[in-house]
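> Submitted below is the structure of interest, expressed as structure tokens.
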Amino acid sequence: MRFVWRWRRNPLRRRSDVLEAWAGVAAVLLMLALGTAAGWTVGSFAHGALREAVREQQQHRHLVSAEVVRVVTGTAAEPDHESTTGREGYGRFLARWHDPGGVEHTGLVALHQAPGPQERFPLWTDDEGRIAGRPMDRATAAVHAVLAGAAAAAGAAGLVEGVRRVVVWRLVHRRYAQWDREWRQAGHTWGRAGAGS
């Protein structure tokens with residue numbers, strides 16, 4: 001703090017130095033204020049939306065018992081390579097299951113373990129019996145909301161930092177232009193005896 005106070009009275013201090021310092025102080029304060037506000041707002045909205053999604057998914061997704069009908073082999077039934085990314089070690093099976101209303105369904109299922117024919121395994125479905133992912137839990141929703149809030153806070157801080165850099169760039173550009181003018185004025189008398197330089 002003593003360094004800042006000494007700099008305040010320094011005879012070499014230029015107006016642009018003071019403006020640059022104040023731009024830094026203002027940027028830090030704005031990062032704290034806007035970053036906190038943006039993070040809190042986005043995180044709160046995301047948490048509310050994700051809690052609603054958790055409620056919906058837990059209400060409309062059901063764990064049923066499916067039965068393996070047969071192993072699916074051959075390239076005709078396999079999806080393209082982009083959709084199987086991260087699915088190495090999974091086998092594809094034709095399976096049969098009943099939806100919550102008792103209607104029977106069949107479809108292709110990718111499983112990591114290789115069950116035998118007529119073996120049963122758990123499967124998540126929606127109300128119509130279509131295969132669905134596991135419903136999101138509250139902890140996962142909270143983590144996603146926190147990440148959304150942190151990303152919003154970082155974005156707001158990055159925006160403020162970008163504005164600060166533009167301001168500092170303009171100040172430096174003006175400073176160099178001023179130096180060029182002063183050098184041009186002093187240039188015609190530079191080094192001449194009795195010129196007062």
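Convention: chains lettered A, B, ... in structure tokens order; per-chain residue numbering from 1; ligands numbered from 1 as shown.
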Mind checking which residues fall within 8 Å of range 44-55 of chain A, counting only C-alpha atoms, ignoring those fewer than 5 positions away in the same chain, and posting them as a PyMOL selection string?
chain A and resi 135-138+141-142+144-146+148-149
> Output as CSV one row per residue of range 4-74 of chain A within 10 Å of range 103-108 of chain A: the closest atom pair and its distance in Å to one decimal place, counting only C-alpha atoms, sorted by chain and residue number ascending.

```
residue,atom,partner,partner_atom,distance
A:Ala66,CA,A:Thr106,CA,9.1
A:Glu67,CA,A:Thr106,CA,9.4
A:Val68,CA,A:Thr106,CA,9.6
A:Val69,CA,A:Thr106,CA,8.8
A:Arg70,CA,A:Leu108,CA,9.8
A:Val71,CA,A:Leu108,CA,9.4
A:Val72,CA,A:Leu108,CA,8.1
```
> Let me see the file: selected residues, N, CA, C and O atoms, as a PDB file, in the first residue's frame.

```pdb
ATOM      1  N   ALA A  66     -35.811 -56.279 -18.406  1.00  0.00           N
ATOM      2  CA  ALA A  66     -35.834 -56.684 -19.810  1.00  0.00           C
ATOM      3  C   ALA A  66     -35.179 -58.050 -19.953  1.00  0.00           C
ATOM      4  O   ALA A  66     -34.378 -58.463 -19.110  1.00  0.00           O
ATOM      5  N   GLU A  67     -35.508 -58.721 -21.039  1.00  0.00           N
ATOM      6  CA  GLU A  67     -34.986 -60.066 -21.288  1.00  0.00           C
ATOM      7  C   GLU A  67     -34.262 -60.080 -22.631  1.00  0.00           C
ATOM      8  O   GLU A  67     -34.745 -59.526 -23.621  1.00  0.00           O
ATOM      9  N   VAL A  68     -33.080 -60.687 -22.652  1.00  0.00           N
ATOM     10  CA  VAL A  68     -32.311 -60.798 -23.897  1.00  0.00           C
ATOM     11  C   VAL A  68     -32.996 -61.821 -24.792  1.00  0.00           C
ATOM     12  O   VAL A  68     -33.287 -62.944 -24.382  1.00  0.00           O
ATOM     13  N   VAL A  69     -33.260 -61.409 -26.041  1.00  0.00           N
ATOM     14  CA  VAL A  69     -33.838 -62.333 -27.017  1.00  0.00           C
ATOM     15  C   VAL A  69     -32.711 -63.003 -27.794  1.00  0.00           C
ATOM     16  O   VAL A  69     -32.665 -64.215 -27.915  1.00  0.00           O
ATOM     17  N   ARG A  70     -31.781 -62.178 -28.308  1.00  0.00           N
ATOM     18  CA  ARG A  70     -30.626 -62.726 -29.026  1.00  0.00           C
ATOM     19  C   ARG A  70     -29.560 -61.652 -29.174  1.00  0.00           C
ATOM     20  O   ARG A  70     -29.816 -60.458 -29.044  1.00  0.00           O
ATOM     21  N   VAL A  71     -28.336 -62.122 -29.455  1.00  0.00           N
ATOM     22  CA  VAL A  71     -27.215 -61.224 -29.714  1.00  0.00           C
ATOM     23  C   VAL A  71     -27.316 -60.751 -31.152  1.00  0.00           C
ATOM     24  O   VAL A  71     -27.616 -61.542 -32.046  1.00  0.00           O
ATOM     25  N   VAL A  72     -27.080 -59.452 -31.380  1.00  0.00           N
ATOM     26  CA  VAL A  72     -27.135 -58.900 -32.736  1.00  0.00           C
ATOM     27  C   VAL A  72     -25.702 -58.836 -33.264  1.00  0.00           C
ATOM     28  O   VAL A  72     -24.833 -58.232 -32.646  1.00  0.00           O
TER      29      VAL A  72
END
```
> Write down as a ChimeraX atom specification the residues of range 30-180 of chain A whose backbone DSSP state falls under strand (DSSP E or B).
/A:61-71,91-98,104-111,120-126,131
> Which is closer to Leu30 in chain A than all the others in A:Ala157, A:Leu111, A:Ala186, A:Val163, using only C-alpha atoms?
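Looking at the shortest contact to Leu30 in chain A, the residue is A:Ala157.
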> When you look at Ala151 in chain A with a cut-off of 9 Å (counting only C-alpha atoms), what residues show up, excluding the ones that are within fewer than 5 positions of it in the same chain? I need them as number ranges by chain.
A: 39, 42, 146, 156
> List every residue of range 25-77 of chain A that DSSP, applied to the backbone of this structure, places in alpha helix (DSSP H), and write the result as a compact mmCIF listing (two decimals) with all heavy atoms, in the first residue's frame.

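Wrote selection_16.txt, looks like this:
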```txt
# COMPACT_ATOMS: atom_id res chain seq x y z
N VAL A 25 -8.39 -0.87 -10.93
CA VAL A 25 -9.20 -0.94 -9.70
C VAL A 25 -10.67 -1.14 -10.06
O VAL A 25 -11.36 -1.98 -9.47
CB VAL A 25 -9.01 0.35 -8.85
CG1 VAL A 25 -10.02 0.41 -7.72
CG2 VAL A 25 -7.60 0.41 -8.31
N ALA A 26 -11.16 -0.35 -11.03
CA ALA A 26 -12.56 -0.49 -11.44
C ALA A 26 -12.83 -1.88 -12.00
O ALA A 26 -13.89 -2.47 -11.74
CB ALA A 26 -12.90 0.58 -12.49
N ALA A 27 -11.87 -2.43 -12.75
CA ALA A 27 -12.06 -3.77 -13.32
C ALA A 27 -12.17 -4.83 -12.24
O ALA A 27 -13.03 -5.71 -12.31
CB ALA A 27 -10.91 -4.10 -14.28
N VAL A 28 -11.32 -4.73 -11.21
CA VAL A 28 -11.39 -5.71 -10.12
C VAL A 28 -12.73 -5.62 -9.40
O VAL A 28 -13.38 -6.64 -9.13
CB VAL A 28 -10.21 -5.49 -9.14
CG1 VAL A 28 -10.43 -6.29 -7.86
CG2 VAL A 28 -8.91 -5.89 -9.79
N LEU A 29 -13.17 -4.40 -9.11
CA LEU A 29 -14.46 -4.23 -8.43
C LEU A 29 -15.62 -4.73 -9.28
O LEU A 29 -16.54 -5.40 -8.78
CB LEU A 29 -14.66 -2.76 -8.04
CG LEU A 29 -13.70 -2.21 -6.99
CD1 LEU A 29 -13.92 -0.73 -6.79
CD2 LEU A 29 -13.84 -2.98 -5.67
N LEU A 30 -15.58 -4.41 -10.58
CA LEU A 30 -16.64 -4.89 -11.48
C LEU A 30 -16.62 -6.41 -11.63
O LEU A 30 -17.67 -7.04 -11.72
CB LEU A 30 -16.51 -4.23 -12.85
CG LEU A 30 -17.07 -2.82 -12.96
CD1 LEU A 30 -16.72 -2.21 -14.31
CD2 LEU A 30 -18.57 -2.81 -12.75
N MET A 31 -15.41 -6.99 -11.68
CA MET A 31 -15.33 -8.46 -11.77
C MET A 31 -15.97 -9.10 -10.55
O MET A 31 -16.72 -10.09 -10.68
CB MET A 31 -13.86 -8.90 -11.87
CG MET A 31 -13.25 -8.74 -13.21
SD MET A 31 -11.55 -9.35 -13.17
CE MET A 31 -10.90 -8.64 -14.64
N LEU A 32 -15.68 -8.54 -9.38
CA LEU A 32 -16.27 -9.10 -8.17
C LEU A 32 -17.79 -8.91 -8.16
O LEU A 32 -18.54 -9.85 -7.84
CB LEU A 32 -15.64 -8.45 -6.93
CG LEU A 32 -14.18 -8.80 -6.68
CD1 LEU A 32 -13.62 -7.95 -5.53
CD2 LEU A 32 -14.02 -10.27 -6.38
N ALA A 33 -18.25 -7.72 -8.50
CA ALA A 33 -19.69 -7.44 -8.45
C ALA A 33 -20.45 -8.16 -9.56
O ALA A 33 -21.40 -8.90 -9.29
CB ALA A 33 -19.93 -5.94 -8.53
N LEU A 34 -20.02 -7.95 -10.81
CA LEU A 34 -20.73 -8.55 -11.94
C LEU A 34 -20.55 -10.07 -11.97
O LEU A 34 -21.50 -10.79 -12.30
CB LEU A 34 -20.26 -7.94 -13.26
CG LEU A 34 -20.68 -6.50 -13.52
CD1 LEU A 34 -20.11 -6.03 -14.86
CD2 LEU A 34 -22.18 -6.37 -13.53
N GLY A 35 -19.35 -10.53 -11.66
CA GLY A 35 -19.12 -11.98 -11.65
C GLY A 35 -20.00 -12.67 -10.63
O GLY A 35 -20.62 -13.70 -10.92
N THR A 36 -20.07 -12.08 -9.44
CA THR A 36 -20.92 -12.67 -8.40
C THR A 36 -22.39 -12.63 -8.80
O THR A 36 -23.11 -13.62 -8.66
CB THR A 36 -20.71 -11.92 -7.07
OG1 THR A 36 -19.33 -11.99 -6.71
CG2 THR A 36 -21.55 -12.53 -5.97
N ALA A 37 -22.84 -11.48 -9.31
CA ALA A 37 -24.25 -11.35 -9.70
C ALA A 37 -24.60 -12.30 -10.85
O ALA A 37 -25.63 -12.98 -10.81
CB ALA A 37 -24.54 -9.91 -10.11
N ALA A 38 -23.74 -12.36 -11.86
CA ALA A 38 -24.02 -13.24 -13.00
C ALA A 38 -23.99 -14.70 -12.57
O ALA A 38 -24.87 -15.49 -12.96
CB ALA A 38 -23.00 -12.99 -14.11
N GLY A 39 -23.00 -15.07 -11.77
CA GLY A 39 -22.91 -16.46 -11.31
C GLY A 39 -24.11 -16.86 -10.48
O GLY A 39 -24.68 -17.94 -10.66
N TRP A 40 -24.50 -15.99 -9.56
CA TRP A 40 -25.65 -16.29 -8.70
C TRP A 40 -26.94 -16.39 -9.50
O TRP A 40 -27.74 -17.31 -9.32
CB TRP A 40 -25.78 -15.22 -7.61
CG TRP A 40 -26.88 -15.52 -6.66
CD1 TRP A 40 -28.15 -15.02 -6.67
CD2 TRP A 40 -26.84 -16.43 -5.55
NE1 TRP A 40 -28.89 -15.55 -5.65
CE2 TRP A 40 -28.10 -16.42 -4.95
CE3 TRP A 40 -25.84 -17.25 -5.03
CZ2 TRP A 40 -28.40 -17.19 -3.84
CZ3 TRP A 40 -26.14 -18.01 -3.93
CH2 TRP A 40 -27.40 -17.98 -3.35
N THR A 41 -27.15 -15.45 -10.42
CA THR A 41 -28.39 -15.44 -11.21
C THR A 41 -28.48 -16.67 -12.11
O THR A 41 -29.50 -17.38 -12.11
CB THR A 41 -28.45 -14.15 -12.06
OG1 THR A 41 -28.37 -13.02 -11.19
CG2 THR A 41 -29.73 -14.08 -12.85
N VAL A 42 -27.43 -16.92 -12.87
CA VAL A 42 -27.45 -18.06 -13.80
C VAL A 42 -27.52 -19.38 -13.01
O VAL A 42 -28.28 -20.29 -13.38
CB VAL A 42 -26.22 -18.03 -14.72
CG1 VAL A 42 -26.08 -19.33 -15.50
CG2 VAL A 42 -26.31 -16.86 -15.67
N GLY A 43 -26.75 -19.48 -11.94
CA GLY A 43 -26.78 -20.69 -11.13
C GLY A 43 -28.16 -20.95 -10.53
O GLY A 43 -28.64 -22.08 -10.50
N SER A 44 -28.83 -19.89 -10.07
CA SER A 44 -30.18 -20.03 -9.50
C SER A 44 -31.18 -20.49 -10.54
O SER A 44 -31.99 -21.39 -10.30
CB SER A 44 -30.64 -18.72 -8.88
OG SER A 44 -29.81 -18.36 -7.80
N PHE A 45 -31.14 -19.83 -11.73
CA PHE A 45 -32.06 -20.24 -12.79
C PHE A 45 -31.79 -21.67 -13.23
O PHE A 45 -32.72 -22.46 -13.44
CB PHE A 45 -31.96 -19.29 -13.99
CG PHE A 45 -32.72 -18.02 -13.83
CD1 PHE A 45 -32.08 -16.80 -14.02
CD2 PHE A 45 -34.05 -18.00 -13.46
CE1 PHE A 45 -32.76 -15.61 -13.87
CE2 PHE A 45 -34.74 -16.82 -13.30
CZ PHE A 45 -34.10 -15.62 -13.50
N ALA A 46 -30.52 -22.01 -13.39
CA ALA A 46 -30.16 -23.37 -13.81
C ALA A 46 -30.60 -24.38 -12.76
O ALA A 46 -31.12 -25.46 -13.10
CB ALA A 46 -28.66 -23.47 -14.05
N HIS A 47 -30.41 -24.05 -11.49
CA HIS A 47 -30.80 -24.99 -10.43
C HIS A 47 -32.31 -25.21 -10.42
O HIS A 47 -32.78 -26.35 -10.28
CB HIS A 47 -30.32 -24.47 -9.07
CG HIS A 47 -30.44 -25.48 -7.99
ND1 HIS A 47 -31.30 -25.35 -6.92
CD2 HIS A 47 -29.82 -26.68 -7.81
CE1 HIS A 47 -31.21 -26.40 -6.14
NE2 HIS A 47 -30.31 -27.22 -6.66
N GLY A 48 -33.07 -24.14 -10.61
CA GLY A 48 -34.53 -24.29 -10.68
C GLY A 48 -34.96 -25.15 -11.85
O GLY A 48 -35.81 -26.04 -11.71
N ALA A 49 -34.37 -24.88 -13.02
CA ALA A 49 -34.73 -25.66 -14.22
C ALA A 49 -34.31 -27.12 -14.08
O ALA A 49 -35.06 -28.03 -14.46
CB ALA A 49 -34.09 -25.03 -15.45
N LEU A 50 -33.13 -27.35 -13.52
CA LEU A 50 -32.65 -28.72 -13.37
C LEU A 50 -33.45 -29.48 -12.30
O LEU A 50 -33.68 -30.68 -12.45
CB LEU A 50 -31.16 -28.72 -13.04
CG LEU A 50 -30.25 -28.35 -14.21
CD1 LEU A 50 -28.84 -28.10 -13.74
CD2 LEU A 50 -30.28 -29.43 -15.28
N ARG A 51 -33.86 -28.80 -11.24
CA ARG A 51 -34.71 -29.46 -10.24
C ARG A 51 -36.03 -29.90 -10.86
O ARG A 51 -36.55 -30.98 -10.57
CB ARG A 51 -34.97 -28.52 -9.06
CG ARG A 51 -33.91 -28.63 -8.01
CD ARG A 51 -34.30 -28.01 -6.70
NE ARG A 51 -35.47 -27.17 -6.74
CZ ARG A 51 -35.63 -26.06 -6.05
NH1 ARG A 51 -34.68 -25.64 -5.27
NH2 ARG A 51 -36.73 -25.35 -6.13
N GLU A 52 -36.58 -29.06 -11.74
CA GLU A 52 -37.81 -29.43 -12.44
C GLU A 52 -37.56 -30.61 -13.37
O GLU A 52 -38.39 -31.53 -13.47
CB GLU A 52 -38.33 -28.22 -13.24
CG GLU A 52 -39.60 -28.49 -14.00
CD GLU A 52 -40.78 -28.85 -13.12
OE1 GLU A 52 -40.82 -28.47 -11.93
OE2 GLU A 52 -41.69 -29.54 -13.63
N ALA A 53 -36.40 -30.62 -14.05
CA ALA A 53 -36.06 -31.75 -14.92
C ALA A 53 -35.90 -33.03 -14.11
O ALA A 53 -36.35 -34.10 -14.54
CB ALA A 53 -34.78 -31.45 -15.70
N VAL A 54 -35.29 -32.94 -12.93
CA VAL A 54 -35.15 -34.11 -12.06
C VAL A 54 -36.52 -34.64 -11.68
O VAL A 54 -36.79 -35.85 -11.74
CB VAL A 54 -34.32 -33.75 -10.79
CG1 VAL A 54 -34.44 -34.83 -9.73
CG2 VAL A 54 -32.87 -33.54 -11.16
N ARG A 55 -37.41 -33.73 -11.28
CA ARG A 55 -38.77 -34.15 -10.88
C ARG A 55 -39.48 -34.83 -12.05
O ARG A 55 -40.09 -35.89 -11.89
CB ARG A 55 -39.56 -32.93 -10.40
CG ARG A 55 -40.88 -33.29 -9.74
CD ARG A 55 -41.70 -32.07 -9.43
NE ARG A 55 -42.15 -31.36 -10.62
CZ ARG A 55 -43.08 -31.80 -11.46
NH1 ARG A 55 -43.66 -32.96 -11.26
NH2 ARG A 55 -43.43 -31.09 -12.50
N GLU A 56 -39.39 -34.22 -13.24
CA GLU A 56 -40.04 -34.79 -14.42
C GLU A 56 -39.47 -36.17 -14.76
O GLU A 56 -40.22 -37.11 -15.02
CB GLU A 56 -39.85 -33.86 -15.63
CG GLU A 56 -40.80 -32.72 -15.70
CD GLU A 56 -42.19 -33.14 -16.09
OE1 GLU A 56 -42.34 -33.99 -16.99
OE2 GLU A 56 -43.13 -32.67 -15.45
N GLN A 57 -38.14 -36.26 -14.77
CA GLN A 57 -37.52 -37.53 -15.14
C GLN A 57 -37.84 -38.62 -14.12
O GLN A 57 -38.13 -39.76 -14.50
CB GLN A 57 -36.01 -37.36 -15.28
CG GLN A 57 -35.61 -36.58 -16.51
CD GLN A 57 -34.11 -36.44 -16.63
OE1 GLN A 57 -33.34 -37.05 -15.89
NE2 GLN A 57 -33.67 -35.63 -17.59
N GLN A 58 -37.80 -38.29 -12.84
CA GLN A 58 -38.08 -39.31 -11.84
C GLN A 58 -39.55 -39.74 -11.87
O GLN A 58 -39.88 -40.86 -11.50
CB GLN A 58 -37.67 -38.81 -10.46
CG GLN A 58 -36.17 -38.75 -10.31
CD GLN A 58 -35.72 -38.29 -8.95
OE1 GLN A 58 -36.50 -37.80 -8.14
NE2 GLN A 58 -34.42 -38.43 -8.68
N GLN A 59 -40.40 -38.85 -12.33
CA GLN A 59 -41.83 -39.19 -12.41
C GLN A 59 -42.14 -40.02 -13.65
O GLN A 59 -43.02 -40.87 -13.61
CB GLN A 59 -42.65 -37.90 -12.42
CG GLN A 59 -44.15 -38.12 -12.38
CD GLN A 59 -44.89 -36.80 -12.31
OE1 GLN A 59 -44.29 -35.73 -12.24
NE2 GLN A 59 -46.20 -36.87 -12.34
N HIS A 60 -41.41 -39.77 -14.75
CA HIS A 60 -41.78 -40.39 -16.03
C HIS A 60 -40.77 -41.41 -16.55
O HIS A 60 -40.90 -41.88 -17.68
CB HIS A 60 -41.99 -39.30 -17.09
CG HIS A 60 -43.13 -38.40 -16.77
ND1 HIS A 60 -44.44 -38.81 -16.85
CD2 HIS A 60 -43.17 -37.12 -16.34
CE1 HIS A 60 -45.23 -37.82 -16.51
NE2 HIS A 60 -44.48 -36.77 -16.19
```
> Do a neighbour search on range 125-132 of chain A at 7 Å with only C-alpha atoms, toss out local chain neighbours closer than 4 positions, and write the hits as a ChimeraX atom specification.
/A:60-63,98-100,105
> If I take CA of His173 in chain A and CA of Val18 in chain A, how far is one from the other in Å, to one decimal?
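So the answer is 15.2 Å.
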